[in-house]
Amino acid sequence: MMDLKNFLWGSATASYQCEGAWDLDERVESMWDHYLHEEGLENGDIASDHYHHFEEDIRMMKEGGQRAYRFSLSWPRIIKNKQGEINEKGLAFYHKILDCCHENGIEPFVTIYHWDLPQYWEETGGWLNEEVCTAFAQYAKVCFQNFHTKIRKWVTFNEPKWFVCSGYLIGNYPPCIQDVSKTIKAAYHVMYASALGIKEFREGGYEGEIGIVHSFTPVNGVDDRIETKIAMRYADNYCNNWILDTAAKGEIPIDLLSELSKQYDISYMKPEQLKIIKENTVDFLGLNYYSRTLVKPYTSGETTFVVNNSGKAGKGSSKVIVKHWFEQVMHDPNSTYTEWDTEIYPKGLKDGLLEVHQKYGLPIYITENGIGMYEDVTVPQVDDEYRISFMRDHIKAMFEAMEQGANIKGYFAWSSFDLYSWKNGCEKRYGLVAVDFDHDRIRKPKKSYTWYRDMINSNAENL
Ligand code: BGP
């Protein structure tokens with residue numbers, strides 16, 4: 001039996017998705033507020049109202065056997081404008097959350113940026129504007145200076161790949177651009193900003209560790225042909241290596257750079273910036289695991305990206321066709337998918353963890369893992385057996401990787417309680433705790449909450 005005494009079992013959320021209180025206490029507009037309001041789409045104005053329910057939420061984590069809470073700080077709640085003016089009320093809110101975590105014996109695991117860019121920065125070009133990188137580092141410094149006695153685990157960015165590709169390549173997230181060249185530039189700026197944030201952390205001499213969280217999709221090929229292997233390498237560069245290699249080794253993959261420079265101008269990647277990236281690598285890797293990527297070689301001259309924000313299986317709602325791409329992503333007809341077309345594939349977690357362990361040798365946290373479903377939360381208890389079996393299968397896969405040597409230090413269920421899912425709305429539920437969005441945001445533990453508690457308390461013996 002593995003020694004799990006110090007293992008960080010927890011659950012996760014993100015500021016925009018759960019806090020609500022979008023215009024309270026001098027919080028300013030984020031790019032998501034602006035975009036969703038403009039488009040008249042379901043938004044996170046109130047969301048789970050964690051702003052007013054955090055004490056209850058954190059108490060439930062403790063009662064649920066959890067040892068850590070992964071959440072994010074909201075830049076627009078903390079910094080009021082481009083001049084860097086600090087909102088003391090924003091800081092006070094996070095001090096209250098952090099104190100509450102400590103009072104309940106819950107370790108805070110804190111992400112500095114989980115996608116809610118202040119709209120005042122988006123209006124200057126957002127992640128296409130190099131100035132935003134320095135602004136991020138200044139904001140990170142404010143966070144370090146104010147919270148360093150209460151936080152020992154920091155994350156610069158949540159999922160650079162997902163928010164950059166959704167915002168600049170596929171265009172289903174703000175700023176809704178579909179442009180490969182801009183995607184590369186935004187991606188580079190985010191990785192540079194992450195390194196600048198780490199530099200601030202190291203120079204400040206703060207205690208604790210700092211990492212990055214990646215939307216991890218290990219790559220499989222449809223067959224063993226050499227063309228498929230090449231497609232897999234490209235897919236791995238696109239899906240994983242440009243974040244993991246850059247964050248962990250300080251190096252953007254050379255074959256990716258050489259491929260990109262054939263087609264795009266990347267002269268904005270300046271030697272002094274690449275030096276900062278090289279010198280400021282992470283202490284750990286956070287991996288969010290939902291699924292794998294299955295690929296076949298690129299043959300047709302164009303590649304199609306489809307995302308499903310419709311919640312109807314097979315009805316991808318955003319689609320973009322990119323010419324001169326490298327690989328084509330496939331569905332496996334023999335596999336199981338959710339209503340949002342996410343494949344359920346626990347084996348990918350084990351394979352992927354071993355791969356990341358071998359490549360980087362760094363401590364790993366699984367910073368998100370979970371399943372989004374439609375659920376009726378008016379019943380006394382949501383009987384989410386499917387979530388229990390999803391978590392059980394993934395935790396087993398994680399244990400197998402640990403037995404083979406991967407240094408995994410924690411697991412966070414996504415999500416602590418029901419919240420707003422980007423572009424999918426609140427009806428796509430991931431929580432261990434149900435939130436009734438129609439009735440005062442009442443909280444009720446689901447069956448999975450109790451299962452998770454018992455699993456943790458029994459040292460995973462009842463798995
Ligand atoms: C990750 C994000 C989370 C969360 C989760 C579920 O990519 O870090 O913020 O939303 O995925 O995804 P979705 O809400 O799109 O179903």
# chains A, B, ... in the order shown; residues from 1 in each chain; ligands from 1
$ select_by_dssp --residues "segment 77-211 of chain A" --states "alpha helix (DSSP H)" --output "ChimeraX atom specification"
/A:77-78,88-103,119-122,131-147,160-165,180-204
$ closest_atom_pairs --of "chain A" --to "ligand 1" --cutoff "7 Å" --atoms "only C-alpha atoms and all ligand atoms" --output "tab-separated table"
residue	atom	partner	partner_atom_place_in_ligand_line	distance
A:Ala14	CA	ligand 1	9 (O)	6.1
A:Asn158	CA	ligand 1	8 (O)	6.1
A:Glu159	CA	ligand 1	8 (O)	6.1
A:Trp162	CA	ligand 1	7 (O)	6.3
A:Ser215	CA	ligand 1	7 (O)	6.2
A:Asn288	CA	ligand 1	1 (C)	6.9
A:Gly372	CA	ligand 1	16 (O)	6.0
A:Trp414	CA	ligand 1	5 (C)	7.0
A:Ser421	CA	ligand 1	14 (O)	3.6
A:Trp422	CA	ligand 1	14 (O)	5.0
A:Asn424	CA	ligand 1	15 (O)	6.7
A:Lys428	CA	ligand 1	16 (O)	6.9
$ write_last_selection --atoms "N, CA and C atoms" --output "CSV table (one decimal), in the first residue's frame"
chain,number,residue,atom,x,y,z
A,14,ALA,N,-12.1,28.1,-10.4
A,14,ALA,CA,-11.4,29.2,-11.0
A,14,ALA,C,-12.2,30.5,-10.7
A,158,ASN,N,-3.0,29.0,-15.9
A,158,ASN,CA,-3.8,27.8,-16.1
A,158,ASN,C,-3.9,27.6,-17.6
A,159,GLU,N,-3.4,26.4,-18.1
A,159,GLU,CA,-3.7,26.0,-19.4
A,159,GLU,C,-3.4,27.0,-20.5
A,162,TRP,N,-4.9,25.8,-23.9
A,162,TRP,CA,-6.4,25.8,-24.1
A,162,TRP,C,-6.9,27.3,-24.3
A,215,SER,N,-3.1,21.8,-19.9
A,215,SER,CA,-4.2,21.0,-20.3
A,215,SER,C,-3.6,19.8,-21.1
A,288,ASN,N,-3.8,19.1,-16.0
A,288,ASN,CA,-5.2,18.9,-16.1
A,288,ASN,C,-5.5,17.8,-17.1
A,372,GLY,N,-18.0,16.4,-17.0
A,372,GLY,CA,-19.1,17.3,-17.0
A,372,GLY,C,-20.3,16.6,-17.6
A,414,TRP,N,-11.9,18.2,-10.5
A,414,TRP,CA,-12.6,19.4,-11.1
A,414,TRP,C,-14.1,19.0,-11.1
A,421,SER,N,-19.3,26.8,-16.7
A,421,SER,CA,-18.3,26.2,-17.7
A,421,SER,C,-18.3,27.1,-18.9
A,422,TRP,N,-17.0,27.4,-19.3
A,422,TRP,CA,-16.8,28.4,-20.4
A,422,TRP,C,-17.6,28.1,-21.6
A,424,ASN,N,-20.2,26.8,-22.1
A,424,ASN,CA,-21.2,25.8,-22.0
A,424,ASN,C,-22.3,26.1,-21.0
A,428,LYS,N,-23.6,22.4,-17.6
A,428,LYS,CA,-22.6,21.4,-17.7
A,428,LYS,C,-21.9,21.3,-16.3
$ closest_residue --among "A:Tyr449, A:Phe93, A:Ala186, A:Ala231" --to "Lys62 of chain A" --atoms "only C-alpha atoms"
A:Tyr449
$ residues_around --residues "Val110 of chain A" --least-positions-apart "5" --cutoff "7 Å" --atoms "only C-alpha atoms" --output "NGL selection string"
:A and (70-72 or 153-155)
$ write_last_selection --atoms "C-alpha atoms" --output "short mmCIF file (atom, residue, chain, number, x, y, z; two decimals), in the first residue's frame"
data_model
loop_
_atom_site.label_atom_id
_atom_site.label_comp_id
_atom_site.auth_asym_id
_atom_site.auth_seq_id
_atom_site.Cartn_x
_atom_site.Cartn_y
_atom_site.Cartn_z
CA ARG A 70 -6.93 24.91 -5.89
CA PHE A 71 -8.44 28.27 -6.86
CA SER A 72 -7.40 31.32 -8.85
CA LYS A 153 2.05 26.53 -3.87
CA TRP A 154 1.77 28.95 -6.77
CA VAL A 155 0.81 28.51 -10.41
#
$ atom_distance --atom1 "atom CA of Ile364 of chain A" --atom2 "atom CA of Ile408 of chain A"
4.7 Å
$ residues_around --residues "segment 246-248 of chain A" --least-positions-apart "4" --cutoff "9 Å" --atoms "only C-alpha atoms" --output "PyMOL selection string"
chain A and resi 191+194-195+211-212+241-242+252-253+277-278+280-285+360+362
$ write_last_selection --atoms "N, CA and C atoms" --output "PDB file, in the first residue's frame"
ATOM      1  N   MET A 191       4.017  32.308 -22.507  1.00  0.00           N
ATOM      2  CA  MET A 191       5.132  31.567 -21.910  1.00  0.00           C
ATOM      3  C   MET A 191       6.217  32.519 -21.404  1.00  0.00           C
ATOM      4  N   SER A 194       4.929  33.962 -18.178  1.00  0.00           N
ATOM      5  CA  SER A 194       5.067  32.985 -17.093  1.00  0.00           C
ATOM      6  C   SER A 194       6.493  33.024 -16.539  1.00  0.00           C
ATOM      7  N   ALA A 195       7.475  33.064 -17.428  1.00  0.00           N
ATOM      8  CA  ALA A 195       8.882  33.126 -16.983  1.00  0.00           C
ATOM      9  C   ALA A 195       9.155  34.426 -16.221  1.00  0.00           C
ATOM     10  N   GLY A 211       4.771  26.718 -10.194  1.00  0.00           N
ATOM     11  CA  GLY A 211       4.680  25.846 -11.368  1.00  0.00           C
ATOM     12  C   GLY A 211       3.737  26.430 -12.405  1.00  0.00           C
ATOM     13  N   ILE A 212       3.405  25.594 -13.372  1.00  0.00           N
ATOM     14  CA  ILE A 212       2.443  25.989 -14.408  1.00  0.00           C
ATOM     15  C   ILE A 212       1.450  24.836 -14.538  1.00  0.00           C
ATOM     16  N   ASN A 241       4.311  19.976 -25.968  1.00  0.00           N
ATOM     17  CA  ASN A 241       5.722  20.337 -25.764  1.00  0.00           C
ATOM     18  C   ASN A 241       5.972  21.832 -25.688  1.00  0.00           C
ATOM     19  N   TRP A 242       5.180  22.633 -26.416  1.00  0.00           N
ATOM     20  CA  TRP A 242       5.477  24.069 -26.387  1.00  0.00           C
ATOM     21  C   TRP A 242       5.188  24.673 -25.028  1.00  0.00           C
ATOM     22  N   ILE A 252      11.914  26.206 -26.110  1.00  0.00           N
ATOM     23  CA  ILE A 252      10.820  25.929 -27.051  1.00  0.00           C
ATOM     24  C   ILE A 252      11.353  24.839 -27.990  1.00  0.00           C
ATOM     25  N   PRO A 253      10.579  23.763 -28.268  1.00  0.00           N
ATOM     26  CA  PRO A 253      11.117  22.673 -29.092  1.00  0.00           C
ATOM     27  C   PRO A 253      11.716  23.183 -30.415  1.00  0.00           C
ATOM     28  N   ILE A 277      13.339  33.088 -20.387  1.00  0.00           N
ATOM     29  CA  ILE A 277      12.604  31.813 -20.403  1.00  0.00           C
ATOM     30  C   ILE A 277      13.529  30.677 -19.956  1.00  0.00           C
ATOM     31  N   LYS A 278      14.753  30.695 -20.466  1.00  0.00           N
ATOM     32  CA  LYS A 278      15.721  29.627 -20.143  1.00  0.00           C
ATOM     33  C   LYS A 278      16.055  29.615 -18.649  1.00  0.00           C
ATOM     34  N   ASN A 280      14.290  30.789 -16.066  1.00  0.00           N
ATOM     35  CA  ASN A 280      13.200  30.794 -15.081  1.00  0.00           C
ATOM     36  C   ASN A 280      12.216  29.662 -15.345  1.00  0.00           C
ATOM     37  N   THR A 281      12.640  28.478 -14.956  1.00  0.00           N
ATOM     38  CA  THR A 281      11.800  27.302 -15.176  1.00  0.00           C
ATOM     39  C   THR A 281      11.014  26.973 -13.896  1.00  0.00           C
ATOM     40  N   VAL A 282      10.096  26.042 -14.029  1.00  0.00           N
ATOM     41  CA  VAL A 282       9.158  25.758 -12.935  1.00  0.00           C
ATOM     42  C   VAL A 282       9.721  24.738 -11.928  1.00  0.00           C
ATOM     43  N   ASP A 283       9.120  24.724 -10.740  1.00  0.00           N
ATOM     44  CA  ASP A 283       9.479  23.730  -9.719  1.00  0.00           C
ATOM     45  C   ASP A 283       8.658  22.452  -9.867  1.00  0.00           C
ATOM     46  N   PHE A 284       7.461  22.603 -10.432  1.00  0.00           N
ATOM     47  CA  PHE A 284       6.596  21.417 -10.600  1.00  0.00           C
ATOM     48  C   PHE A 284       5.699  21.637 -11.812  1.00  0.00           C
ATOM     49  N   LEU A 285       5.101  20.541 -12.255  1.00  0.00           N
ATOM     50  CA  LEU A 285       4.132  20.631 -13.353  1.00  0.00           C
ATOM     51  C   LEU A 285       2.742  20.256 -12.836  1.00  0.00           C
ATOM     52  N   TYR A 360      10.767  14.957 -17.921  1.00  0.00           N
ATOM     53  CA  TYR A 360      11.113  16.156 -17.140  1.00  0.00           C
ATOM     54  C   TYR A 360      11.584  15.851 -15.719  1.00  0.00           C
ATOM     55  N   LEU A 362      10.191  16.062 -12.981  1.00  0.00           N
ATOM     56  CA  LEU A 362       9.735  17.027 -11.962  1.00  0.00           C
ATOM     57  C   LEU A 362       8.560  16.456 -11.171  1.00  0.00           C
TER      58      LEU A 362
END
$ closest_residue --among "A:Glu39, A:Glu400, A:Asp45, A:Glu131" --to "Ala21 of chain A" --atoms "only C-alpha atoms"
A:Asp45
$ closest_residue --among "A:Pro175, A:Gly10, A:Pro76, A:Gly105" --to "Glu38 of chain A" --atoms "only C-alpha atoms"
A:Pro175
$ residues_around --residues "Lys350 of chain A" --least-positions-apart "4" --cutoff "12 Å" --atoms "only C-alpha atoms" --output "JSON, numbers by chain"
{"A": [216, 217, 218, 289, 291, 292, 345, 346, 354, 355, 356, 357, 366, 393, 394, 395, 396, 397, 398, 399, 400, 401, 402, 403, 404, 405, 406, 408]}
$ select_by_dssp --residues "segment 174-363 of chain A" --states "strand (DSSP E or B)" --output "PyMOL selection string"
chain A and resi 209-216+219-221+284-289+293-297+302-307+318-323+327-329+337+343
$ residues_around --residues "Lys5 of chain A" --least-positions-apart "4" --cutoff "12 Å" --atoms "only C-alpha atoms" --output "PyMOL selection string"
chain A and resi 1+9+67+409-410+456-460
$ write_last_selection --atoms "N, CA and C atoms" --output "short mmCIF file (atom, residue, chain, number, x, y, z; two decimals), in the first residue's frame"
data_model
loop_
_atom_site.label_atom_id
_atom_site.label_comp_id
_atom_site.auth_asym_id
_atom_site.auth_seq_id
_atom_site.Cartn_x
_atom_site.Cartn_y
_atom_site.Cartn_z
N MET A 1 0.85 -1.21 0.00
CA MET A 1 0.00 0.00 0.00
C MET A 1 0.88 1.25 0.00
N TRP A 9 -4.81 15.57 -1.57
CA TRP A 9 -6.13 15.31 -2.18
C TRP A 9 -6.94 16.60 -2.07
N ARG A 67 -7.71 18.00 1.54
CA ARG A 67 -6.56 18.63 2.20
C ARG A 67 -6.08 19.89 1.49
N LYS A 409 2.29 14.21 -6.57
CA LYS A 409 2.15 14.70 -5.20
C LYS A 409 0.75 15.14 -4.82
N GLY A 410 -0.15 15.13 -5.80
CA GLY A 410 -1.50 15.55 -5.45
C GLY A 410 -2.48 15.29 -6.57
N ILE A 456 -10.43 9.02 0.51
CA ILE A 456 -9.27 9.71 1.11
C ILE A 456 -9.06 9.21 2.54
N ASN A 457 -10.13 9.16 3.31
CA ASN A 457 -9.99 8.78 4.72
C ASN A 457 -9.52 7.34 4.90
N SER A 458 -9.82 6.49 3.92
CA SER A 458 -9.38 5.08 4.04
C SER A 458 -8.04 4.88 3.37
N ASN A 459 -7.34 5.98 3.02
CA ASN A 459 -6.05 5.85 2.35
C ASN A 459 -6.18 5.07 1.04
N ALA A 460 -7.28 5.31 0.37
CA ALA A 460 -7.57 4.70 -0.94
C ALA A 460 -7.74 3.18 -0.89
#
$ residues_around --residues "Gly316 of chain A" --least-positions-apart "5" --cutoff "12 Å" --atoms "only C-alpha atoms" --output "count of residues only"
14
$ atom_distance --atom1 "atom CA of Asp245 of chain A" --atom2 "atom CA of Thr13 of chain A"
25.9 Å
$ atom_distance --atom1 "atom CA of His331 of chain A" --atom2 "atom CA of Tyr386 of chain A"
21.3 Å
$ closest_residue --among "A:Pro445, A:Gly205, A:Gly167, A:Pro297" --to "Val180 of chain A" --atoms "only C-alpha atoms"
A:Gly167
